[in-house]
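Below is model_21.csv, which holds CSV, N, CA and C atoms.
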```csv
chain,number,residue,atom,x,y,z
R,1,MET,N,97.8,115.3,92.4
R,1,MET,CA,97.2,114.0,92.7
R,1,MET,C,96.8,113.3,91.4
R,2,ILE,N,97.0,112.0,91.4
R,2,ILE,CA,96.8,111.2,90.1
R,2,ILE,C,95.3,110.9,90.1
R,3,ALA,N,94.7,111.1,89.0
R,3,ALA,CA,93.3,110.8,88.8
R,3,ALA,C,93.2,109.3,88.6
R,4,GLN,N,92.2,108.6,89.2
R,4,GLN,CA,92.0,107.2,89.1
R,4,GLN,C,90.8,106.9,88.3
R,5,HIS,N,90.8,105.8,87.6
R,5,HIS,CA,89.6,105.4,86.9
R,5,HIS,C,88.5,105.1,87.9
R,6,SER,N,87.2,105.4,87.5
R,6,SER,CA,86.1,105.2,88.4
R,6,SER,C,85.9,103.8,88.9
R,7,ALA,N,86.3,102.8,88.0
R,7,ALA,CA,86.1,101.4,88.4
R,7,ALA,C,87.1,101.1,89.5
R,8,GLU,N,88.3,101.7,89.5
R,8,GLU,CA,89.3,101.4,90.5
R,8,GLU,C,89.0,102.1,91.8
R,9,VAL,N,88.3,103.2,91.7
R,9,VAL,CA,87.9,103.9,92.9
R,9,VAL,C,86.9,103.1,93.7
R,10,ARG,N,86.0,102.4,93.0
R,10,ARG,CA,85.0,101.6,93.6
R,10,ARG,C,85.5,100.3,94.1
R,11,GLY,N,86.7,100.0,93.8
R,11,GLY,CA,87.3,98.7,94.3
R,11,GLY,C,87.3,97.6,93.3
R,12,LYS,N,86.7,97.9,92.1
R,12,LYS,CA,86.7,96.9,91.1
R,12,LYS,C,87.8,97.2,90.1
R,13,THR,N,88.7,96.3,89.8
R,13,THR,CA,89.8,96.5,88.9
R,13,THR,C,89.2,96.2,87.5
R,14,PRO,N,89.5,97.0,86.5
R,14,PRO,CA,89.0,96.7,85.1
R,14,PRO,C,89.6,95.4,84.6
R,15,LEU,N,88.9,94.7,83.8
R,15,LEU,CA,89.3,93.4,83.3
R,15,LEU,C,90.6,93.4,82.6
R,16,HIS,N,91.0,94.5,81.9
R,16,HIS,CA,92.2,94.5,81.1
R,16,HIS,C,93.4,94.7,82.0
R,17,ARG,N,93.2,94.9,83.3
R,17,ARG,CA,94.4,95.1,84.2
R,17,ARG,C,94.8,93.8,84.9
R,18,HIS,N,94.0,92.7,84.8
R,18,HIS,CA,94.4,91.5,85.3
R,18,HIS,C,95.4,90.8,84.5
R,19,LEU,N,96.5,90.3,85.2
R,19,LEU,CA,97.6,89.7,84.4
R,19,LEU,C,97.1,88.4,83.7
R,20,TYR,N,96.3,87.6,84.3
R,20,TYR,CA,95.9,86.4,83.6
R,20,TYR,C,95.1,86.7,82.3
R,21,ILE,N,94.3,87.8,82.3
R,21,ILE,CA,93.6,88.2,81.1
R,21,ILE,C,94.6,88.6,80.0
R,22,GLN,N,95.6,89.4,80.4
R,22,GLN,CA,96.6,89.8,79.5
R,22,GLN,C,97.4,88.6,78.9
R,23,VAL,N,97.7,87.6,79.7
R,23,VAL,CA,98.4,86.4,79.2
R,23,VAL,C,97.5,85.7,78.2
R,24,LEU,N,96.2,85.5,78.6
R,24,LEU,CA,95.3,84.8,77.7
R,24,LEU,C,95.1,85.5,76.3
R,25,VAL,N,95.1,86.8,76.4
R,25,VAL,CA,94.9,87.6,75.1
R,25,VAL,C,96.2,87.4,74.3
R,26,ALA,N,97.4,87.5,75.0
R,26,ALA,CA,98.7,87.3,74.2
R,26,ALA,C,98.8,85.9,73.6
R,27,ILE,N,98.3,84.9,74.3
R,27,ILE,CA,98.3,83.5,73.8
R,27,ILE,C,97.4,83.4,72.6
R,28,ALA,N,96.2,84.0,72.7
R,28,ALA,CA,95.3,84.0,71.6
R,28,ALA,C,95.9,84.7,70.4
R,29,ALA,N,96.5,85.9,70.6
R,29,ALA,CA,97.1,86.7,69.5
R,29,ALA,C,98.2,85.9,68.9
R,30,GLY,N,99.0,85.2,69.7
R,30,GLY,CA,100.1,84.4,69.1
R,30,GLY,C,99.6,83.3,68.2
R,31,ILE,N,98.5,82.6,68.7
R,31,ILE,CA,97.9,81.5,67.9
R,31,ILE,C,97.3,82.1,66.6
R,32,LEU,N,96.7,83.2,66.7
R,32,LEU,CA,96.1,83.8,65.5
R,32,LEU,C,97.1,84.2,64.5
R,33,VAL,N,98.2,84.9,65.0
R,33,VAL,CA,99.3,85.3,64.1
R,33,VAL,C,99.9,84.1,63.4
R,34,GLY,N,100.2,83.1,64.2
R,34,GLY,CA,100.8,81.9,63.7
R,34,GLY,C,100.0,81.1,62.7
R,35,TYR,N,98.7,81.2,62.8
R,35,TYR,CA,97.8,80.5,61.9
R,35,TYR,C,97.5,81.3,60.6
R,36,PHE,N,97.2,82.6,60.8
R,36,PHE,CA,96.8,83.3,59.6
R,36,PHE,C,98.0,84.0,58.9
R,37,TYR,N,99.1,84.3,59.7
R,37,TYR,CA,100.3,84.9,59.1
R,37,TYR,C,101.5,84.1,59.6
R,38,PRO,N,101.8,82.9,59.1
R,38,PRO,CA,102.9,82.1,59.5
R,38,PRO,C,104.3,82.8,59.2
R,39,ASP,N,104.3,83.6,58.1
R,39,ASP,CA,105.6,84.2,57.8
R,39,ASP,C,105.9,85.3,58.9
R,40,VAL,N,104.9,86.0,59.3
R,40,VAL,CA,105.2,87.0,60.4
R,40,VAL,C,105.6,86.3,61.7
R,41,GLY,N,105.0,85.1,61.9
R,41,GLY,CA,105.3,84.3,63.1
R,41,GLY,C,106.7,83.9,63.1
R,42,THR,N,107.2,83.5,62.0
R,42,THR,CA,108.6,83.1,61.9
R,42,THR,C,109.6,84.3,62.0
R,43,GLU,N,109.1,85.4,61.6
R,43,GLU,CA,110.0,86.6,61.8
R,43,GLU,C,110.0,87.1,63.2
R,44,LEU,N,109.0,86.7,64.0
R,44,LEU,CA,109.0,87.1,65.4
R,44,LEU,C,109.7,86.0,66.3
R,45,LYS,N,110.2,85.0,65.7
R,45,LYS,CA,110.9,83.9,66.5
R,45,LYS,C,112.1,84.5,67.3
R,46,PRO,N,112.9,85.4,66.8
R,46,PRO,CA,114.0,85.9,67.6
R,46,PRO,C,113.5,86.7,68.9
R,47,LEU,N,112.3,87.3,68.8
R,47,LEU,CA,111.7,88.0,69.9
R,47,LEU,C,111.3,87.0,71.0
R,48,GLY,N,110.7,85.9,70.6
R,48,GLY,CA,110.3,84.8,71.5
R,48,GLY,C,111.5,84.1,72.1
R,49,ASP,N,112.6,83.9,71.3
R,49,ASP,CA,113.8,83.3,71.9
R,49,ASP,C,114.5,84.2,72.9
R,50,ALA,N,114.5,85.5,72.6
R,50,ALA,CA,115.1,86.5,73.6
R,50,ALA,C,114.3,86.5,74.9
R,51,PHE,N,112.9,86.4,74.8
R,51,PHE,CA,112.1,86.4,76.0
R,51,PHE,C,112.4,85.1,76.8
R,52,ILE,N,112.5,84.0,76.2
R,52,ILE,CA,112.9,82.7,76.9
R,52,ILE,C,114.2,82.9,77.6
R,53,LYS,N,115.2,83.4,76.9
R,53,LYS,CA,116.5,83.6,77.5
R,53,LYS,C,116.5,84.6,78.7
R,54,LEU,N,115.6,85.6,78.6
R,54,LEU,CA,115.5,86.5,79.8
R,54,LEU,C,114.8,85.9,81.0
R,55,VAL,N,113.8,85.0,80.7
R,55,VAL,CA,113.2,84.3,81.8
R,55,VAL,C,114.2,83.4,82.5
R,56,ARG,N,114.9,82.6,81.7
R,56,ARG,CA,115.9,81.7,82.2
R,56,ARG,C,117.0,82.5,83.0
R,57,MET,N,117.3,83.7,82.6
R,57,MET,CA,118.3,84.5,83.3
R,57,MET,C,117.8,84.9,84.6
R,58,VAL,N,116.5,85.2,84.8
R,58,VAL,CA,116.0,85.7,86.0
R,58,VAL,C,115.7,84.6,87.0
R,59,ILE,N,115.5,83.4,86.6
R,59,ILE,CA,115.0,82.3,87.5
R,59,ILE,C,116.0,82.1,88.6
R,60,ALA,N,117.3,81.9,88.3
R,60,ALA,CA,118.3,81.6,89.3
R,60,ALA,C,118.4,82.7,90.4
R,61,PRO,N,118.5,84.0,90.1
R,61,PRO,CA,118.5,85.0,91.2
R,61,PRO,C,117.2,85.0,92.0
R,62,VAL,N,116.1,84.8,91.4
R,62,VAL,CA,114.8,84.8,92.1
R,62,VAL,C,114.8,83.7,93.1
R,63,ILE,N,115.2,82.5,92.7
R,63,ILE,CA,115.2,81.4,93.6
R,63,ILE,C,116.2,81.6,94.7
R,64,PHE,N,117.4,82.1,94.4
R,64,PHE,CA,118.5,82.4,95.4
R,64,PHE,C,117.9,83.4,96.4
R,65,LEU,N,117.4,84.5,95.9
R,65,LEU,CA,116.9,85.5,96.8
R,65,LEU,C,115.7,85.1,97.7
R,66,THR,N,114.9,84.2,97.2
R,66,THR,CA,113.8,83.7,97.9
R,66,THR,C,114.3,82.8,99.1
R,67,VAL,N,115.3,82.0,98.8
R,67,VAL,CA,115.9,81.1,99.9
R,67,VAL,C,116.6,82.0,100.9
R,68,ALA,N,117.4,83.0,100.4
R,68,ALA,CA,118.2,83.8,101.3
R,68,ALA,C,117.3,84.6,102.2
R,69,THR,N,116.2,85.2,101.6
R,69,THR,CA,115.2,86.0,102.4
R,69,THR,C,114.5,85.1,103.5
R,70,GLY,N,114.2,83.9,103.1
R,70,GLY,CA,113.6,82.9,104.0
R,70,GLY,C,114.5,82.6,105.2
R,71,ILE,N,115.8,82.3,104.9
R,71,ILE,CA,116.7,82.0,105.9
R,71,ILE,C,117.0,83.3,106.8
R,72,ALA,N,117.1,84.4,106.2
R,72,ALA,CA,117.3,85.7,107.0
R,72,ALA,C,116.1,86.0,107.8
R,73,GLY,N,114.9,85.6,107.4
R,73,GLY,CA,113.7,86.0,108.2
R,73,GLY,C,113.4,85.0,109.4
R,74,MET,N,114.2,84.0,109.5
R,74,MET,CA,114.0,83.0,110.6
R,74,MET,C,114.5,83.7,111.9
R,75,SER,N,113.7,83.7,112.9
R,75,SER,CA,114.1,84.4,114.1
R,75,SER,C,114.7,83.4,115.1
R,76,ASP,N,114.1,82.2,115.2
R,76,ASP,CA,114.6,81.2,116.2
R,76,ASP,C,115.1,80.0,115.4
R,77,LEU,N,116.4,79.7,115.5
R,77,LEU,CA,117.0,78.6,114.7
R,77,LEU,C,117.1,77.3,115.5
R,78,LYS,N,116.5,77.2,116.7
R,78,LYS,CA,116.6,76.0,117.5
R,78,LYS,C,115.8,74.9,116.9
```
Represent the supplied structure as structure tokens.
Amino acid sequence: MIAQHSAEVRGKTPLHRHLYIQVLVAIAAGILVGYFYPDVGTELKPLGDAFIKLVRMVIAPVIFLTVATGIAGMSDLK
């Protein structure tokens, strides 16, 4: 059996497990790296470009599957 953190057992999720907190921390880290270490920020540009390409690649299948699942889930077409 997997041991769980005591905060999760009580029903409270730790703050670092929330996606919006992780996104805000990543945005702040990106701003700080870009401000204090601009040369490191320019070296990380290919990583950011690859991330944008991956997001663009995933958008079309997600939209298609959402529409297809919605149509398939309709029980009465009248």
Assign secondary structure with DSSP using the backbone only, and return the residues of chain R in helix (DSSP H, G or I) as a PDB file with N, CA and C atoms, in the coordinates of the input.
```
ATOM      1  N   SER R   6      87.200 105.400  87.500  1.00  0.00           N
ATOM      2  CA  SER R   6      86.100 105.200  88.400  1.00  0.00           C
ATOM      3  C   SER R   6      85.900 103.800  88.900  1.00  0.00           C
ATOM      4  N   ALA R   7      86.300 102.800  88.000  1.00  0.00           N
ATOM      5  CA  ALA R   7      86.100 101.400  88.400  1.00  0.00           C
ATOM      6  C   ALA R   7      87.100 101.100  89.500  1.00  0.00           C
ATOM      7  N   GLU R   8      88.300 101.700  89.500  1.00  0.00           N
ATOM      8  CA  GLU R   8      89.300 101.400  90.500  1.00  0.00           C
ATOM      9  C   GLU R   8      89.000 102.100  91.800  1.00  0.00           C
ATOM     10  N   VAL R   9      88.300 103.200  91.700  1.00  0.00           N
ATOM     11  CA  VAL R   9      87.900 103.900  92.900  1.00  0.00           C
ATOM     12  C   VAL R   9      86.900 103.100  93.700  1.00  0.00           C
ATOM     13  N   LEU R  15      88.900  94.700  83.800  1.00  0.00           N
ATOM     14  CA  LEU R  15      89.300  93.400  83.300  1.00  0.00           C
ATOM     15  C   LEU R  15      90.600  93.400  82.600  1.00  0.00           C
ATOM     16  N   HIS R  16      91.000  94.500  81.900  1.00  0.00           N
ATOM     17  CA  HIS R  16      92.200  94.500  81.100  1.00  0.00           C
ATOM     18  C   HIS R  16      93.400  94.700  82.000  1.00  0.00           C
ATOM     19  N   ARG R  17      93.200  94.900  83.300  1.00  0.00           N
ATOM     20  CA  ARG R  17      94.400  95.100  84.200  1.00  0.00           C
ATOM     21  C   ARG R  17      94.800  93.800  84.900  1.00  0.00           C
ATOM     22  N   LEU R  19      96.500  90.300  85.200  1.00  0.00           N
ATOM     23  CA  LEU R  19      97.600  89.700  84.400  1.00  0.00           C
ATOM     24  C   LEU R  19      97.100  88.400  83.700  1.00  0.00           C
ATOM     25  N   TYR R  20      96.300  87.600  84.300  1.00  0.00           N
ATOM     26  CA  TYR R  20      95.900  86.400  83.600  1.00  0.00           C
ATOM     27  C   TYR R  20      95.100  86.700  82.300  1.00  0.00           C
ATOM     28  N   ILE R  21      94.300  87.800  82.300  1.00  0.00           N
ATOM     29  CA  ILE R  21      93.600  88.200  81.100  1.00  0.00           C
ATOM     30  C   ILE R  21      94.600  88.600  80.000  1.00  0.00           C
ATOM     31  N   GLN R  22      95.600  89.400  80.400  1.00  0.00           N
ATOM     32  CA  GLN R  22      96.600  89.800  79.500  1.00  0.00           C
ATOM     33  C   GLN R  22      97.400  88.600  78.900  1.00  0.00           C
ATOM     34  N   VAL R  23      97.700  87.600  79.700  1.00  0.00           N
ATOM     35  CA  VAL R  23      98.400  86.400  79.200  1.00  0.00           C
ATOM     36  C   VAL R  23      97.500  85.700  78.200  1.00  0.00           C
ATOM     37  N   LEU R  24      96.200  85.500  78.600  1.00  0.00           N
ATOM     38  CA  LEU R  24      95.300  84.800  77.700  1.00  0.00           C
ATOM     39  C   LEU R  24      95.100  85.500  76.300  1.00  0.00           C
ATOM     40  N   VAL R  25      95.100  86.800  76.400  1.00  0.00           N
ATOM     41  CA  VAL R  25      94.900  87.600  75.100  1.00  0.00           C
ATOM     42  C   VAL R  25      96.200  87.400  74.300  1.00  0.00           C
ATOM     43  N   ALA R  26      97.400  87.500  75.000  1.00  0.00           N
ATOM     44  CA  ALA R  26      98.700  87.300  74.200  1.00  0.00           C
ATOM     45  C   ALA R  26      98.800  85.900  73.600  1.00  0.00           C
ATOM     46  N   ILE R  27      98.300  84.900  74.300  1.00  0.00           N
ATOM     47  CA  ILE R  27      98.300  83.500  73.800  1.00  0.00           C
ATOM     48  C   ILE R  27      97.400  83.400  72.600  1.00  0.00           C
ATOM     49  N   ALA R  28      96.200  84.000  72.700  1.00  0.00           N
ATOM     50  CA  ALA R  28      95.300  84.000  71.600  1.00  0.00           C
ATOM     51  C   ALA R  28      95.900  84.700  70.400  1.00  0.00           C
ATOM     52  N   ALA R  29      96.500  85.900  70.600  1.00  0.00           N
ATOM     53  CA  ALA R  29      97.100  86.700  69.500  1.00  0.00           C
ATOM     54  C   ALA R  29      98.200  85.900  68.900  1.00  0.00           C
ATOM     55  N   GLY R  30      99.000  85.200  69.700  1.00  0.00           N
ATOM     56  CA  GLY R  30     100.100  84.400  69.100  1.00  0.00           C
ATOM     57  C   GLY R  30      99.600  83.300  68.200  1.00  0.00           C
ATOM     58  N   ILE R  31      98.500  82.600  68.700  1.00  0.00           N
ATOM     59  CA  ILE R  31      97.900  81.500  67.900  1.00  0.00           C
ATOM     60  C   ILE R  31      97.300  82.100  66.600  1.00  0.00           C
ATOM     61  N   LEU R  32      96.700  83.200  66.700  1.00  0.00           N
ATOM     62  CA  LEU R  32      96.100  83.800  65.500  1.00  0.00           C
ATOM     63  C   LEU R  32      97.100  84.200  64.500  1.00  0.00           C
ATOM     64  N   VAL R  33      98.200  84.900  65.000  1.00  0.00           N
ATOM     65  CA  VAL R  33      99.300  85.300  64.100  1.00  0.00           C
ATOM     66  C   VAL R  33      99.900  84.100  63.400  1.00  0.00           C
ATOM     67  N   GLY R  34     100.200  83.100  64.200  1.00  0.00           N
ATOM     68  CA  GLY R  34     100.800  81.900  63.700  1.00  0.00           C
ATOM     69  C   GLY R  34     100.000  81.100  62.700  1.00  0.00           C
ATOM     70  N   TYR R  35      98.700  81.200  62.800  1.00  0.00           N
ATOM     71  CA  TYR R  35      97.800  80.500  61.900  1.00  0.00           C
ATOM     72  C   TYR R  35      97.500  81.300  60.600  1.00  0.00           C
ATOM     73  N   PHE R  36      97.200  82.600  60.800  1.00  0.00           N
ATOM     74  CA  PHE R  36      96.800  83.300  59.600  1.00  0.00           C
ATOM     75  C   PHE R  36      98.000  84.000  58.900  1.00  0.00           C
ATOM     76  N   PRO R  38     101.800  82.900  59.100  1.00  0.00           N
ATOM     77  CA  PRO R  38     102.900  82.100  59.500  1.00  0.00           C
ATOM     78  C   PRO R  38     104.300  82.800  59.200  1.00  0.00           C
ATOM     79  N   ASP R  39     104.300  83.600  58.100  1.00  0.00           N
ATOM     80  CA  ASP R  39     105.600  84.200  57.800  1.00  0.00           C
ATOM     81  C   ASP R  39     105.900  85.300  58.900  1.00  0.00           C
ATOM     82  N   VAL R  40     104.900  86.000  59.300  1.00  0.00           N
ATOM     83  CA  VAL R  40     105.200  87.000  60.400  1.00  0.00           C
ATOM     84  C   VAL R  40     105.600  86.300  61.700  1.00  0.00           C
ATOM     85  N   GLY R  41     105.000  85.100  61.900  1.00  0.00           N
ATOM     86  CA  GLY R  41     105.300  84.300  63.100  1.00  0.00           C
ATOM     87  C   GLY R  41     106.700  83.900  63.100  1.00  0.00           C
ATOM     88  N   THR R  42     107.200  83.500  62.000  1.00  0.00           N
ATOM     89  CA  THR R  42     108.600  83.100  61.900  1.00  0.00           C
ATOM     90  C   THR R  42     109.600  84.300  62.000  1.00  0.00           C
ATOM     91  N   GLU R  43     109.100  85.400  61.600  1.00  0.00           N
ATOM     92  CA  GLU R  43     110.000  86.600  61.800  1.00  0.00           C
ATOM     93  C   GLU R  43     110.000  87.100  63.200  1.00  0.00           C
ATOM     94  N   LYS R  45     110.200  85.000  65.700  1.00  0.00           N
ATOM     95  CA  LYS R  45     110.900  83.900  66.500  1.00  0.00           C
ATOM     96  C   LYS R  45     112.100  84.500  67.300  1.00  0.00           C
ATOM     97  N   PRO R  46     112.900  85.400  66.800  1.00  0.00           N
ATOM     98  CA  PRO R  46     114.000  85.900  67.600  1.00  0.00           C
ATOM     99  C   PRO R  46     113.500  86.700  68.900  1.00  0.00           C
ATOM    100  N   LEU R  47     112.300  87.300  68.800  1.00  0.00           N
ATOM    101  CA  LEU R  47     111.700  88.000  69.900  1.00  0.00           C
ATOM    102  C   LEU R  47     111.300  87.000  71.000  1.00  0.00           C
ATOM    103  N   GLY R  48     110.700  85.900  70.600  1.00  0.00           N
ATOM    104  CA  GLY R  48     110.300  84.800  71.500  1.00  0.00           C
ATOM    105  C   GLY R  48     111.500  84.100  72.100  1.00  0.00           C
ATOM    106  N   ASP R  49     112.600  83.900  71.300  1.00  0.00           N
ATOM    107  CA  ASP R  49     113.800  83.300  71.900  1.00  0.00           C
ATOM    108  C   ASP R  49     114.500  84.200  72.900  1.00  0.00           C
ATOM    109  N   ALA R  50     114.500  85.500  72.600  1.00  0.00           N
ATOM    110  CA  ALA R  50     115.100  86.500  73.600  1.00  0.00           C
ATOM    111  C   ALA R  50     114.300  86.500  74.900  1.00  0.00           C
ATOM    112  N   PHE R  51     112.900  86.400  74.800  1.00  0.00           N
ATOM    113  CA  PHE R  51     112.100  86.400  76.000  1.00  0.00           C
ATOM    114  C   PHE R  51     112.400  85.100  76.800  1.00  0.00           C
ATOM    115  N   ILE R  52     112.500  84.000  76.200  1.00  0.00           N
ATOM    116  CA  ILE R  52     112.900  82.700  76.900  1.00  0.00           C
ATOM    117  C   ILE R  52     114.200  82.900  77.600  1.00  0.00           C
ATOM    118  N   LYS R  53     115.200  83.400  76.900  1.00  0.00           N
ATOM    119  CA  LYS R  53     116.500  83.600  77.500  1.00  0.00           C
ATOM    120  C   LYS R  53     116.500  84.600  78.700  1.00  0.00           C
ATOM    121  N   LEU R  54     115.600  85.600  78.600  1.00  0.00           N
ATOM    122  CA  LEU R  54     115.500  86.500  79.800  1.00  0.00           C
ATOM    123  C   LEU R  54     114.800  85.900  81.000  1.00  0.00           C
ATOM    124  N   VAL R  55     113.800  85.000  80.700  1.00  0.00           N
ATOM    125  CA  VAL R  55     113.200  84.300  81.800  1.00  0.00           C
ATOM    126  C   VAL R  55     114.200  83.400  82.500  1.00  0.00           C
ATOM    127  N   ARG R  56     114.900  82.600  81.700  1.00  0.00           N
ATOM    128  CA  ARG R  56     115.900  81.700  82.200  1.00  0.00           C
ATOM    129  C   ARG R  56     117.000  82.500  83.000  1.00  0.00           C
ATOM    130  N   MET R  57     117.300  83.700  82.600  1.00  0.00           N
ATOM    131  CA  MET R  57     118.300  84.500  83.300  1.00  0.00           C
ATOM    132  C   MET R  57     117.800  84.900  84.600  1.00  0.00           C
ATOM    133  N   VAL R  58     116.500  85.200  84.800  1.00  0.00           N
ATOM    134  CA  VAL R  58     116.000  85.700  86.000  1.00  0.00           C
ATOM    135  C   VAL R  58     115.700  84.600  87.000  1.00  0.00           C
ATOM    136  N   ILE R  59     115.500  83.400  86.600  1.00  0.00           N
ATOM    137  CA  ILE R  59     115.000  82.300  87.500  1.00  0.00           C
ATOM    138  C   ILE R  59     116.000  82.100  88.600  1.00  0.00           C
ATOM    139  N   ALA R  60     117.300  81.900  88.300  1.00  0.00           N
ATOM    140  CA  ALA R  60     118.300  81.600  89.300  1.00  0.00           C
ATOM    141  C   ALA R  60     118.400  82.700  90.400  1.00  0.00           C
ATOM    142  N   PRO R  61     118.500  84.000  90.100  1.00  0.00           N
ATOM    143  CA  PRO R  61     118.500  85.000  91.200  1.00  0.00           C
ATOM    144  C   PRO R  61     117.200  85.000  92.000  1.00  0.00           C
ATOM    145  N   VAL R  62     116.100  84.800  91.400  1.00  0.00           N
ATOM    146  CA  VAL R  62     114.800  84.800  92.100  1.00  0.00           C
ATOM    147  C   VAL R  62     114.800  83.700  93.100  1.00  0.00           C
ATOM    148  N   ILE R  63     115.200  82.500  92.700  1.00  0.00           N
ATOM    149  CA  ILE R  63     115.200  81.400  93.600  1.00  0.00           C
ATOM    150  C   ILE R  63     116.200  81.600  94.700  1.00  0.00           C
ATOM    151  N   PHE R  64     117.400  82.100  94.400  1.00  0.00           N
ATOM    152  CA  PHE R  64     118.500  82.400  95.400  1.00  0.00           C
ATOM    153  C   PHE R  64     117.900  83.400  96.400  1.00  0.00           C
ATOM    154  N   LEU R  65     117.400  84.500  95.900  1.00  0.00           N
ATOM    155  CA  LEU R  65     116.900  85.500  96.800  1.00  0.00           C
ATOM    156  C   LEU R  65     115.700  85.100  97.700  1.00  0.00           C
ATOM    157  N   THR R  66     114.900  84.200  97.200  1.00  0.00           N
ATOM    158  CA  THR R  66     113.800  83.700  97.900  1.00  0.00           C
ATOM    159  C   THR R  66     114.300  82.800  99.100  1.00  0.00           C
ATOM    160  N   VAL R  67     115.300  82.000  98.800  1.00  0.00           N
ATOM    161  CA  VAL R  67     115.900  81.100  99.900  1.00  0.00           C
ATOM    162  C   VAL R  67     116.600  82.000 100.900  1.00  0.00           C
ATOM    163  N   ALA R  68     117.400  83.000 100.400  1.00  0.00           N
ATOM    164  CA  ALA R  68     118.200  83.800 101.300  1.00  0.00           C
ATOM    165  C   ALA R  68     117.300  84.600 102.200  1.00  0.00           C
ATOM    166  N   THR R  69     116.200  85.200 101.600  1.00  0.00           N
ATOM    167  CA  THR R  69     115.200  86.000 102.400  1.00  0.00           C
ATOM    168  C   THR R  69     114.500  85.100 103.500  1.00  0.00           C
ATOM    169  N   GLY R  70     114.200  83.900 103.100  1.00  0.00           N
ATOM    170  CA  GLY R  70     113.600  82.900 104.000  1.00  0.00           C
ATOM    171  C   GLY R  70     114.500  82.600 105.200  1.00  0.00           C
ATOM    172  N   ILE R  71     115.800  82.300 104.900  1.00  0.00           N
ATOM    173  CA  ILE R  71     116.700  82.000 105.900  1.00  0.00           C
ATOM    174  C   ILE R  71     117.000  83.300 106.800  1.00  0.00           C
ATOM    175  N   ALA R  72     117.100  84.400 106.200  1.00  0.00           N
ATOM    176  CA  ALA R  72     117.300  85.700 107.000  1.00  0.00           C
ATOM    177  C   ALA R  72     116.100  86.000 107.800  1.00  0.00           C
TER     178      ALA R  72
END
```
**Message:** What does the structure give for the distance between atom N of Gly48 of chain R and atom C of Val33 of chain R, in Å to one decimal?
**Reply:** 13.1 Å
Need the shell around Leu44 of chain R: protein/DNA/RNA residues with any atom at most 12 Å away, counting only C-alpha atoms. Skip same-chain ones fewer than 5 positions apart. Format as a compact mmCIF listing (two decimals) with N, CA and C atoms, keeping the file's coordinate frame?
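The file below, selection-v2.txt, is the result:
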```txt
# COMPACT_ATOMS: atom_id res chain seq x y z
N GLY R 30 99.00 85.20 69.70
CA GLY R 30 100.10 84.40 69.10
C GLY R 30 99.60 83.30 68.20
N VAL R 33 98.20 84.90 65.00
CA VAL R 33 99.30 85.30 64.10
C VAL R 33 99.90 84.10 63.40
N GLY R 34 100.20 83.10 64.20
CA GLY R 34 100.80 81.90 63.70
C GLY R 34 100.00 81.10 62.70
N TYR R 37 99.10 84.30 59.70
CA TYR R 37 100.30 84.90 59.10
C TYR R 37 101.50 84.10 59.60
N PRO R 38 101.80 82.90 59.10
CA PRO R 38 102.90 82.10 59.50
C PRO R 38 104.30 82.80 59.20
N ASP R 39 104.30 83.60 58.10
CA ASP R 39 105.60 84.20 57.80
C ASP R 39 105.90 85.30 58.90
N ASP R 49 112.60 83.90 71.30
CA ASP R 49 113.80 83.30 71.90
C ASP R 49 114.50 84.20 72.90
N ALA R 50 114.50 85.50 72.60
CA ALA R 50 115.10 86.50 73.60
C ALA R 50 114.30 86.50 74.90
N PHE R 51 112.90 86.40 74.80
CA PHE R 51 112.10 86.40 76.00
C PHE R 51 112.40 85.10 76.80
```
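Distance-wise, atom C of Pro61 of chain R and atom CA of Gly73 of chain R end up 16.6 Å apart.
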**Request:** Could you tell me how far atom CA of Phe64 of chain R lies from atom CA of Ile21 of chain R, in Å and to one decimal?
**Result:**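 About the pair atom CA of Phe64 of chain R and atom CA of Ile21 of chain R: they are 29.3 Å apart.
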